[in-house]
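Have a look at start-v1.cif; it's mmCIF, C-alpha atoms:
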data_coords
#
loop_
_atom_site.label_atom_id
_atom_site.label_comp_id
_atom_site.auth_asym_id
_atom_site.auth_seq_id
_atom_site.Cartn_x
_atom_site.Cartn_y
_atom_site.Cartn_z
CA MET A 117 0.00 0.00 0.00
CA ILE A 118 2.88 2.33 0.76
CA ARG A 119 4.33 1.57 -2.67
CA SER A 120 1.03 2.43 -4.34
CA LYS A 121 0.87 5.83 -2.70
CA SER A 122 4.48 6.47 -3.59
CA ALA A 123 3.88 5.50 -7.20
CA LEU A 124 0.75 7.65 -7.28
CA SER A 125 2.78 10.59 -5.95
CA VAL A 126 5.36 10.06 -8.67
CA GLY A 127 2.61 10.00 -11.26
CA SER A 128 1.07 13.20 -9.90
CA LEU A 129 4.50 14.82 -9.98
CA ALA A 130 4.92 13.78 -13.62
CA VAL A 131 1.57 15.33 -14.54
CA ALA A 132 2.45 18.52 -12.69
CA LEU A 133 5.85 18.68 -14.39
CA PHE A 134 4.24 18.18 -17.79
CA VAL A 135 1.80 21.05 -17.15
CA VAL A 136 4.66 23.30 -16.05
CA LEU A 137 6.60 22.52 -19.23
CA LEU A 138 3.57 23.39 -21.33
CA THR A 139 2.70 26.61 -19.54
CA GLY A 140 5.35 27.89 -17.18
CA VAL A 141 8.47 27.76 -19.34
CA PRO A 142 6.89 29.42 -22.39
CA ALA A 143 5.38 32.08 -20.15
CA LEU A 144 8.78 32.81 -18.60
CA ALA A 145 10.44 32.98 -22.00
CA ALA A 146 7.68 35.20 -23.37
CA ASP A 147 8.20 37.57 -20.46
CA LEU A 148 11.92 37.75 -21.21
CA ARG A 149 11.44 38.31 -24.93
CA GLY A 150 8.56 40.75 -24.85
CA GLY A 151 5.28 38.86 -25.28
CA TRP A 152 3.67 35.93 -27.03
CA GLY A 153 4.04 37.67 -30.39
CA ASP A 154 7.72 36.71 -30.41
CA TRP A 155 6.71 33.04 -30.25
CA TRP A 156 4.56 32.98 -33.35
CA LEU A 157 4.98 33.85 -37.00
CA PRO A 158 6.09 37.40 -37.87
CA PRO A 159 3.34 39.66 -39.27
CA ASP A 160 2.31 38.80 -42.81
CA ARG A 161 2.85 41.62 -45.31
CA SER A 162 1.96 39.89 -48.58
CA THR A 163 -1.21 38.98 -50.46
CA HIS A 164 -0.49 35.24 -50.51
CA GLY A 165 0.76 34.90 -46.92
CA HIS A 166 -2.64 34.28 -45.31
CA GLY A 167 -2.90 30.88 -47.02
CA ILE A 168 0.52 29.84 -45.72
CA ASP A 169 -0.31 31.05 -42.21
CA ALA A 170 -3.67 29.25 -42.19
CA LEU A 171 -2.01 26.01 -43.26
CA PHE A 172 0.64 26.45 -40.57
CA ASP A 173 -2.01 27.08 -37.89
CA VAL A 174 -4.06 24.02 -38.83
CA THR A 175 -0.97 21.78 -38.92
CA PHE A 176 0.29 23.15 -35.60
CA TRP A 177 -2.97 22.57 -33.72
CA ILE A 178 -3.49 19.08 -35.15
CA THR A 179 0.00 18.01 -34.10
CA MET A 180 -0.17 19.84 -30.76
CA VAL A 181 -3.52 18.32 -29.74
CA THR A 182 -2.30 14.88 -30.83
CA PHE A 183 0.92 15.32 -28.88
CA VAL A 184 -0.85 16.38 -25.68
CA VAL A 185 -3.41 13.56 -25.91
CA VAL A 186 -0.73 10.92 -26.51
CA GLU A 187 1.49 12.19 -23.68
CA LEU A 188 -1.42 12.35 -21.22
CA ALA A 189 -2.45 8.82 -22.20
CA LEU A 190 1.14 7.68 -21.66
CA ILE A 191 1.21 9.19 -18.16
CA VAL A 192 -2.19 7.68 -17.28
CA PHE A 193 -1.08 4.21 -18.38
CA LEU A 194 2.23 4.55 -16.52
CA ILE A 195 0.29 5.22 -13.32
CA LYS A 196 -2.59 2.80 -13.86
CA TYR A 197 -0.44 -0.15 -14.85
CA ARG A 198 2.54 0.45 -12.59
CA HIS A 199 4.05 -2.54 -10.81
CA ARG A 200 2.25 -3.62 -7.61
CA PRO A 201 2.67 -6.86 -5.62
CA ASP A 202 -1.08 -7.51 -5.51
CA LYS A 203 -1.47 -7.33 -9.28
CA LYS A 204 -1.53 -10.42 -11.47
CA LYS A 205 0.80 -10.86 -14.42
CA ALA A 206 -0.30 -9.48 -17.77
CA VAL A 207 -2.24 -11.80 -20.06
CA PHE A 208 -1.57 -11.75 -23.79
CA ILE A 209 -4.56 -10.73 -25.94
CA HIS A 210 -5.03 -10.32 -29.68
CA GLY A 211 -5.16 -6.78 -31.10
CA ASN A 212 -8.38 -4.92 -31.85
CA THR A 213 -8.64 -4.76 -35.66
CA ARG A 214 -11.18 -1.94 -35.73
CA LEU A 215 -9.14 0.18 -33.35
CA GLU A 216 -5.97 -0.39 -35.33
CA MET A 217 -7.71 0.52 -38.58
CA ALA A 218 -9.10 3.66 -36.98
CA TRP A 219 -5.76 4.99 -35.75
CA THR A 220 -4.17 4.13 -39.09
CA LEU A 221 -6.83 5.63 -41.36
CA ALA A 222 -7.37 8.80 -39.30
CA PRO A 223 -3.75 10.05 -39.64
CA ALA A 224 -3.72 8.99 -43.30
CA LEU A 225 -6.83 11.06 -44.05
CA ILE A 226 -5.47 14.04 -42.10
CA LEU A 227 -2.13 13.90 -43.92
CA ALA A 228 -3.86 13.56 -47.29
CA GLY A 229 -6.01 16.62 -46.53
CA LEU A 230 -2.96 18.61 -45.49
CA ALA A 231 -1.11 17.54 -48.65
CA ILE A 232 -3.97 18.66 -50.88
CA ALA A 233 -4.27 21.99 -49.05
CA ASN A 234 -0.50 22.43 -49.19
CA LYS A 235 -0.45 21.89 -52.96
CA GLY A 236 -3.11 24.56 -53.43
CA VAL A 237 -1.22 27.10 -51.32
CA TRP A 238 2.09 26.28 -53.02
CA ASP A 239 0.60 26.49 -56.53
CA ARG A 240 -0.86 29.94 -55.81
CA LEU A 241 2.66 31.12 -54.95
CA ARG A 242 4.82 29.14 -57.38
CA PHE A 243 2.45 29.50 -60.37
CA ASN A 244 1.36 33.00 -59.41
CA PRO A 245 -0.93 34.39 -62.15
CA GLU A 246 0.53 37.84 -61.43
CA ALA A 247 3.72 36.61 -63.17
CA ALA A 248 2.01 37.61 -66.44
CA ASN A 249 1.29 41.16 -65.23
CA PRO A 250 3.24 43.55 -67.49
CA ASP A 251 3.32 46.11 -64.69
CA LYS A 252 5.29 43.90 -62.32
CA ALA A 253 8.63 45.07 -60.93
CA THR A 254 11.53 42.80 -61.89
CA ILE A 255 14.66 42.51 -59.72
CA LEU A 256 17.66 40.21 -59.97
CA VAL A 257 19.20 38.95 -56.71
CA ILE A 258 22.49 37.05 -56.84
CA GLY A 259 23.83 35.33 -53.72
CA GLN A 260 27.52 35.62 -52.96
CA GLN A 261 29.27 34.51 -49.78
CA PHE A 262 28.19 36.27 -47.64
CA LYS A 263 26.14 39.10 -49.15
CA TRP A 264 23.32 39.62 -51.62
CA ASN A 265 23.76 41.41 -54.97
CA VAL A 266 20.66 43.36 -55.98
CA VAL A 267 20.30 44.44 -59.63
CA TYR A 268 17.53 46.76 -60.85
CA PRO A 269 16.64 46.64 -64.57
CA GLY A 270 16.02 50.32 -65.28
CA PRO A 271 13.16 51.98 -67.22
CA ASP A 272 12.78 49.12 -69.71
CA ASN A 273 12.14 46.67 -66.83
CA LYS A 274 14.31 44.12 -68.68
CA LEU A 275 17.29 42.41 -67.12
CA GLY A 276 20.38 41.60 -69.13
CA ARG A 277 22.41 38.40 -69.00
CA TYR A 278 24.61 37.79 -65.96
CA MET A 279 26.93 35.14 -64.56
CA MET A 280 28.66 34.84 -67.95
CA PHE A 281 32.32 35.00 -66.98
CA PRO A 282 35.26 34.97 -69.42
CA LYS A 283 37.10 31.73 -70.22
CA PRO A 284 40.83 31.30 -70.88
CA THR A 285 40.02 30.44 -74.51
CA ASP A 286 38.02 33.62 -75.25
CA LEU A 287 39.44 35.71 -78.07
CA LYS A 288 38.28 38.99 -76.52
CA TRP A 289 37.13 40.42 -73.23
CA PRO A 290 33.39 41.12 -72.72
CA GLY A 291 32.39 44.41 -74.26
CA GLY A 292 35.47 44.47 -76.46
CA ILE A 293 37.60 46.18 -73.80
CA LYS A 294 41.35 45.72 -73.44
CA PHE A 295 42.39 44.24 -70.09
CA SER A 296 45.80 43.15 -68.77
CA GLY A 297 47.32 44.62 -71.89
CA VAL A 298 45.63 42.16 -74.27
CA ALA A 299 42.43 42.03 -76.29
CA GLY A 300 41.41 38.65 -74.87
CA PRO A 301 42.42 35.96 -72.33
CA SER A 302 43.48 33.55 -75.11
CA GLN A 303 46.50 35.74 -75.83
CA LEU A 304 47.96 34.86 -72.41
CA LYS A 305 49.41 31.66 -71.07
CA TYR A 306 46.78 29.53 -69.31
CA ALA A 307 47.95 30.34 -65.75
CA ASP A 308 48.24 34.05 -66.60
CA ALA A 309 44.83 33.98 -68.28
CA VAL A 310 43.23 32.51 -65.12
CA LYS A 311 44.83 35.23 -62.99
CA ALA A 312 43.72 37.91 -65.44
CA ILE A 313 40.16 36.59 -65.45
CA ASN A 314 40.04 36.60 -61.64
CA SER A 315 41.34 40.16 -61.63
CA TYR A 316 38.77 41.14 -64.27
CA ILE A 317 35.94 39.66 -62.20
CA ASP A 318 37.12 41.37 -58.99
CA THR A 319 37.74 44.83 -60.47
CA VAL A 320 35.61 45.21 -63.61
CA ASN A 321 32.66 42.83 -63.80
CA HIS A 322 32.03 40.89 -60.59
CA LEU A 323 28.59 39.65 -61.72
CA GLY A 324 29.62 38.39 -65.14
CA LYS A 325 27.34 40.84 -66.95
CA ASP A 326 27.05 40.49 -70.72
CA LEU A 327 28.09 44.00 -71.69
CA ASP A 328 26.82 43.53 -75.26
CA ASP A 329 23.26 42.58 -74.29
CA PRO A 330 20.87 45.44 -75.23
CA ASP A 331 18.35 44.39 -72.56
CA GLY A 332 20.90 45.17 -69.85
CA LYS A 333 22.11 48.51 -71.18
CA ASP A 334 20.29 50.50 -68.48
CA ASP A 335 20.61 47.98 -65.61
CA ASP A 336 21.64 49.41 -62.25
CA TRP A 337 24.27 46.79 -61.35
CA GLN A 338 27.57 48.48 -60.46
CA GLY A 339 26.74 49.00 -56.77
CA ALA A 340 24.77 45.77 -56.42
CA LEU A 341 26.78 44.11 -53.64
CA ALA A 342 25.36 44.35 -50.10
CA ARG A 343 22.82 47.03 -50.83
CA GLU A 344 19.22 47.15 -49.71
CA LEU A 345 16.38 45.50 -51.60
CA VAL A 346 13.60 47.93 -52.54
CA ILE A 347 10.24 46.69 -53.83
CA PRO A 348 6.87 48.32 -54.56
CA ALA A 349 3.68 47.84 -52.57
CA ASP A 350 0.37 46.70 -54.06
CA ARG A 351 2.09 45.68 -57.30
CA PRO A 352 3.62 42.30 -58.22
CA THR A 353 7.35 41.92 -57.73
CA GLU A 354 9.27 39.26 -59.62
CA ILE A 355 12.50 38.21 -57.95
CA GLN A 356 14.94 36.39 -60.22
CA LEU A 357 17.54 34.41 -58.30
CA SER A 358 20.99 32.99 -58.89
CA SER A 359 24.25 32.44 -57.04
CA ARG A 360 27.93 33.10 -57.72
CA ASP A 361 29.31 30.31 -55.57
CA VAL A 362 27.21 27.91 -53.45
CA ILE A 363 23.50 27.32 -52.89
CA HIS A 364 21.87 30.14 -50.93
CA SER A 365 18.23 30.49 -49.90
CA PHE A 366 16.38 33.76 -50.45
CA PHE A 367 14.00 34.18 -47.50
CA LEU A 368 11.66 37.07 -46.67
CA PRO A 369 9.94 35.99 -43.43
CA ASN A 370 7.42 38.84 -43.38
CA HIS A 371 6.43 38.28 -47.00
CA ARG A 372 6.30 34.45 -46.81
CA VAL A 373 8.76 34.12 -49.69
CA LYS A 374 11.50 31.48 -49.85
CA LEU A 375 13.38 30.10 -52.83
CA ASP A 376 16.86 28.63 -53.28
CA ALA A 377 19.46 30.51 -55.32
CA VAL A 378 21.31 27.87 -57.31
CA PRO A 379 24.55 28.45 -59.26
CA GLY A 380 24.02 28.16 -63.01
CA MET A 381 20.25 28.59 -62.83
CA ARG A 382 17.84 31.48 -62.62
CA GLY A 383 14.87 30.85 -60.37
CA ARG A 384 11.82 33.09 -60.34
CA ILE A 385 9.18 33.86 -57.73
CA VAL A 386 6.42 36.48 -57.82
CA PHE A 387 4.68 38.07 -54.82
CA THR A 388 2.91 41.28 -53.85
CA ALA A 389 3.76 43.32 -50.76
CA THR A 390 0.88 45.00 -48.92
CA MET A 391 2.52 47.45 -46.51
CA THR A 392 4.98 50.25 -47.25
CA SER A 393 7.92 51.13 -45.04
CA LYS A 394 6.32 54.47 -44.18
CA GLU A 395 3.13 52.71 -43.08
CA ARG A 396 5.12 50.38 -40.87
CA GLU A 397 6.87 53.29 -39.19
CA LEU A 398 3.54 55.03 -38.65
CA VAL A 399 1.91 51.92 -37.19
CA SER A 400 4.82 51.23 -34.84
CA ARG A 401 5.08 54.80 -33.56
CA ARG A 402 4.14 55.20 -29.88
CA GLN A 403 5.21 56.68 -26.57
CA TYR A 404 7.90 54.88 -24.57
CA LYS A 405 8.61 55.54 -20.91
CA ILE A 406 12.31 55.66 -20.05
CA GLU A 407 11.88 52.75 -17.64
CA GLU A 408 10.29 50.70 -20.42
CA LEU A 409 13.19 51.44 -22.75
CA GLU A 410 15.65 50.36 -20.08
CA LYS A 411 13.87 46.99 -19.80
CA ILE A 412 13.77 46.58 -23.59
CA PHE A 413 17.51 47.12 -23.97
CA ALA A 414 18.23 44.86 -20.99
CA ARG A 415 16.57 41.85 -22.63
CA PRO A 416 18.79 39.12 -24.08
CA GLY A 417 19.08 38.71 -27.82
CA PRO A 418 19.63 41.17 -30.67
CA PRO A 419 18.93 44.79 -29.67
CA LEU A 420 15.65 46.24 -30.85
CA GLU A 421 16.12 49.15 -33.25
CA ILE A 422 13.99 52.14 -32.24
CA ASN A 423 14.27 55.64 -33.69
CA VAL A 424 13.28 58.71 -31.70
CA VAL A 425 10.77 61.35 -32.86
CA ILE A 426 11.47 64.95 -31.81
CA ASN A 427 9.59 68.09 -32.89
CA LYS A 428 8.83 71.55 -31.59
CA ASP A 429 6.05 70.24 -29.31
CA THR A 430 8.25 67.59 -27.66
CA PRO A 431 8.88 68.40 -23.96
CA GLY A 432 12.54 69.15 -23.40
CA ALA A 433 13.36 69.43 -27.10
CA VAL A 434 15.83 72.05 -28.32
CA LYS A 435 16.02 73.48 -31.83
CA ASP A 436 19.41 73.33 -33.48
CA PRO A 437 20.28 76.93 -34.47
CA LYS A 438 22.34 75.67 -37.44
CA LYS A 439 19.81 73.17 -38.79
CA ASP A 440 16.06 73.11 -39.14
CA GLU A 441 15.64 70.21 -36.73
CA TYR A 442 15.05 69.47 -33.07
CA LEU A 443 17.13 67.46 -30.63
CA TYR A 444 17.44 66.39 -27.03
CA ALA A 445 20.31 68.00 -25.17
CA GLU A 446 21.90 67.84 -21.74
CA ASP A 447 21.36 71.06 -19.76
CA ALA A 448 19.61 72.94 -22.56
CA LYS A 449 20.06 76.21 -20.64
CA ALA A 450 23.83 76.00 -20.86
CA ALA A 451 25.76 78.14 -23.33
CA LYS A 452 26.80 75.07 -25.34
CA PRO A 453 24.39 72.24 -24.50
CA LYS A 454 25.64 68.76 -25.38
CA THR A 455 23.47 66.91 -27.87
CA ILE A 456 22.14 63.56 -26.68
CA ILE A 457 20.15 62.52 -29.73
CA ARG A 458 18.64 64.09 -32.86
CA ASN A 459 15.33 63.48 -34.57
CA GLN A 460 15.06 60.01 -36.19
CA GLN A 461 18.35 58.80 -34.72
CA PRO A 462 18.33 55.34 -33.09
CA LEU A 463 18.03 54.98 -29.34
CA THR A 464 20.78 53.09 -27.52
CA PRO A 465 21.22 52.08 -23.86
CA GLN A 466 23.73 54.91 -23.45
CA ARG A 467 21.40 57.51 -24.96
CA VAL A 468 18.50 56.27 -22.83
CA GLU A 469 20.66 56.68 -19.72
CA GLN A 470 21.62 60.21 -20.80
CA LEU A 471 17.98 61.14 -21.44
CA LYS A 472 17.08 59.88 -17.99
CA LYS A 473 19.80 62.01 -16.39
CA ALA A 474 18.59 65.02 -18.40
CA GLY A 475 15.12 64.64 -16.85
CA VAL A 476 13.32 63.16 -19.87
CA THR A 477 10.70 60.68 -18.68
CA GLU A 478 9.00 59.73 -21.93
CA VAL A 479 9.88 59.79 -25.64
CA ALA A 480 8.04 59.15 -28.89
CA ALA A 481 9.71 56.56 -31.09
CA TYR A 482 9.10 54.12 -33.93
CA GLU A 483 10.64 51.00 -35.40
CA PRO A 484 12.43 51.71 -38.73
CA GLY A 485 10.33 50.68 -41.69
CA TYR A 486 12.38 47.88 -43.12
CA TRP A 487 12.12 44.11 -43.13
CA GLU A 488 14.86 41.50 -43.33
CA LEU A 489 16.18 39.41 -46.18
CA ILE A 490 18.14 36.45 -44.84
CA CYS A 491 19.79 33.32 -46.17
CA GLU A 492 18.12 30.11 -44.99
CA GLU A 493 20.78 27.78 -46.40
CA LEU A 494 23.92 26.99 -44.39
CA CYS A 495 26.33 28.50 -46.92
CA GLY A 496 29.58 28.76 -44.97
CA MET A 497 31.20 30.18 -41.85
CA GLY A 498 29.76 33.65 -42.45
CA HIS A 499 26.22 32.41 -43.10
CA ASN A 500 24.77 34.34 -40.15
CA THR A 501 25.93 37.66 -41.65
CA MET A 502 24.18 37.14 -44.99
CA THR A 503 21.34 39.59 -44.46
CA ALA A 504 19.96 42.69 -46.15
CA ARG A 505 17.31 45.29 -45.46
CA VAL A 506 14.08 45.30 -47.45
CA PHE A 507 12.26 48.58 -48.02
CA VAL A 508 8.80 48.86 -49.58
CA LEU A 509 7.79 52.01 -51.45
CA GLU A 510 4.48 53.22 -52.80
CA SER A 511 4.00 51.87 -56.30
CA GLU A 512 4.36 55.24 -58.04
CA GLU A 513 7.30 56.24 -55.88
CA TYR A 514 9.05 53.02 -56.88
CA ARG A 515 8.20 53.64 -60.54
CA GLN A 516 9.74 57.11 -60.46
CA LYS A 517 12.84 56.03 -58.55
CA PHE A 518 13.70 52.74 -60.26
CA GLN A 519 11.80 52.68 -63.53
CA GLY A 520 12.13 56.26 -64.72
CA GLY A 521 8.38 56.73 -64.47
CA ALA A 522 7.90 54.29 -67.36
CA ARG A 523 4.80 52.12 -67.67
CA PRO A 524 4.48 48.85 -69.59
CA THR A 525 3.28 49.00 -73.19
CA ALA A 526 2.63 45.36 -74.03
CA PRO A 527 1.61 42.29 -71.99
CA THR A 528 3.82 39.26 -71.68
CA ALA A 529 2.87 35.61 -72.07
CA PRO A 530 1.52 33.90 -68.92
CA THR A 531 3.81 31.60 -66.98
CA THR A 532 2.51 28.02 -66.74
CA GLN A 533 5.55 26.29 -65.28
CA PRO A 534 7.97 27.18 -62.47
CA ASN A 535 10.85 29.04 -64.08
CA ASN A 536 14.13 27.33 -63.26
CA ILE A 537 16.07 27.83 -66.46
CA ALA A 538 19.70 28.23 -67.39
CA LEU A 539 20.99 31.79 -67.09
CA ALA A 540 22.11 32.03 -70.69
CA LYS A 541 19.21 33.20 -72.83
#
Target encoding structure tokens, full file:
Amino acid sequence: MIRSKSALSVGSLAVALFVVLLTGVPALAADLRGGWGDWWLPPDRSTHGHGIDALFDVTFWITMVTFVVVELALIVFLIKYRHRPDKKKAVFIHGNTRLEMAWTLAPALILAGLAIANKGVWDRLRFNPEAANPDKATILVIGQQFKWNVVYPGPDNKLGRYMMFPKPTDLKWPGGIKFSGVAGPSQLKYADAVKAINSYIDTVNHLGKDLDDPDGKDDDWQGALARELVIPADRPTEIQLSSRDVIHSFFLPNHRVKLDAVPGMRGRIVFTATMTSKERELVSRRQYKIEELEKIFARPGPPLEINVVINKDTPGAVKDPKKDEYLYAEDAKAAKPKTIIRNQQPLTPQRVEQLKKAGVTEVAAYEPGYWELICEELCGMGHNTMTARVFVLESEEYRQKFQGGARPTAPTAPTTQPNNIALAK
């Protein structure tokens, strides 16, 4: 009898521990990281993302409910059928055919339903009908350890040929230029030709652009390495992907876009963003108490980027006599007050501490209006640094800035198959 009570206590402890793991630990972590929002998917900012999120939610709850039921049943059976001296030995029985069919068919039907739903969601993204929209924005992104190259096509919205590097047997350099004192690599010894080609790629044409291709004559490609990705809102964006070295994975978490960048191939994916960077800044703008900012910057993990908002109505703000802007300053009544922070500059733990000492109790601030582009493929030792900022402009603003205000004149043929084709046209 003593053993039974002891075993029952152990079982109760197991149940209690299980409940704590399900509720207490996540709650503690959520408190450290700033709320339950950090535990779920990032906000969806694309037209197709709701289908992906719905599929994720359904899959999560099916697996979670199944997991909890199975674990609870396991604990119940551990307690109910624990070893006791007064119990008889187990007797072998044949299985229950109906029960076995039920627990085999039920998961099969659920998985089949998820597979069908998944195909529909994937087809709407991969075979996006907006790929035929002549007004789409086209951008080429080329992965390179450990940065992204971003190429904009110019007013004609046509990209030229890239990743076409010289060979030691070529009679002339691309574009007919003279490099390393010769008209072409073939005029050099093989080892010298290889060195000359590497030098040409590093200093002249790092993306292997076909300089004779008329479609690429107005491409913005010279400053492509490690720059921000800018896309329009409420208009389809076609991202064409490739890689200079190894396989990378183009991933926009907030836009539910992911596609591998494979050397020697040009992949395509089309999506539509729904929120501009300015709208994100406006939505995120709010008042922060100094104590709240101190807690935010004390949390573990990457620091949250928050920019301050200062204007003439801000308590404690000082106008810069040399510039038409406002700032926070230490001892504003002094002859030469020391500037703590200017309008739209990022807050830091040091600046927050200085504001507190200067008597500022509350500041208006916003999160900068950009999203992240990251690499989701382990591509080398510097994989974690392969990121870029993504900005979203109003459609017309994007057109004026990247397309010269030009609008399409003729439609293109619809895409019926996923475009993974060789780079050479």
Near stretch 376-387 of chain A, within 10 Å and counting all atoms listed in the file, which residues show up once chain neighbours fewer than 5 positions away are dropped, as a count of residues only?
54
Of the residues A:Glu469, A:Glu446, A:Asp436, A:Asp429, which is the one nearest to A:Glu408, using all atoms listed in the file?
A:Glu469
Got a sec to check which residues sit within 12 Å of (8.8, 52.2, -60.2), counting all atoms listed in the file, and write them as number ranges by chain?
A: 251-255, 268-273, 346-353, 508-524
Selection result of the PyMOL selection byres ((chain A and resi 467) around 12) on this file, as a PyMOL selection string:
chain A and resi 406+409-410+413+422-424+444-446+455-458+461-466+468-474+476+479
How many Å lie between atom CA of A:Ile317 and atom CA of A:Asp329, rounded to one decimal?
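Between atom CA of A:Ile317 and atom CA of A:Asp329 the gap works out to 17.8 Å.
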Which is closer to A:Val310 than all the others in A:Thr392, A:Lys283, A:Thr175, A:Lys428, using all atoms listed in the file?
A:Lys283
With 4 Å of padding per side, what axis-aligned box (centre and edge lengths, Å, one decimal) covers all the listed atoms of stretch 382-389 of chain A? Give it as AutoDock Vina command-line options.
--center_x 10.4 --center_y 37.1 --center_z -56.7 --size_x 22.9 --size_y 20.5 --size_z 19.9
Give me, please, the distance in Å between atom CA of A:Lys294 and atom CA of A:Gly324, quoted to one decimal.
16.1 Å
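Taking only C-alpha atoms into account, A:Phe262 lies nearest to A:Ala342 out of the set A:Ala342, A:Pro431, A:Gly292, A:Glu478.
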What gap, in Å, lies between atom CA of A:Lys263 and atom CA of A:Pro282?
22.6 Å
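If you count only C-alpha atoms and ignore residues fewer than 3 places along the chain from A:Lys325, what sits within 10 Å of it is Gly276, Arg277, Tyr278, Met279, Met280, Phe281, Pro290, Gly291, Ile317, Val320, Asn321, His322, Asp328, Asp329, Gly332, Asp335 and Trp337 of chain A.
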Could you please take those selected residues and save C-alpha atoms as a tab-separated table (two decimals), in the coordinates of the input?
chain	number	residue	atom	x	y	z
A	276	GLY	CA	20.38	41.60	-69.13
A	277	ARG	CA	22.41	38.40	-69.00
A	278	TYR	CA	24.61	37.79	-65.96
A	279	MET	CA	26.93	35.14	-64.56
A	280	MET	CA	28.66	34.84	-67.95
A	281	PHE	CA	32.32	35.00	-66.98
A	290	PRO	CA	33.39	41.12	-72.72
A	291	GLY	CA	32.39	44.41	-74.26
A	317	ILE	CA	35.94	39.66	-62.20
A	320	VAL	CA	35.61	45.21	-63.61
A	321	ASN	CA	32.66	42.83	-63.80
A	322	HIS	CA	32.03	40.89	-60.59
A	328	ASP	CA	26.82	43.53	-75.26
A	329	ASP	CA	23.26	42.58	-74.29
A	332	GLY	CA	20.90	45.17	-69.85
A	335	ASP	CA	20.61	47.98	-65.61
A	337	TRP	CA	24.27	46.79	-61.35
From A:Asn265, A:Ala224, A:Thr430, A:Leu398, residue lying nearest A:Gly339 [all atoms listed in the file]:
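Among the listed residues, the smallest separation from A:Gly339 belongs to A:Asn265.
Residue nearest A:Tyr404 within the list A:Leu157, A:Leu327, A:Ala222, A:Ala480: A:Ala480 [criterion: smallest interatomic distance, only C-alpha atoms].
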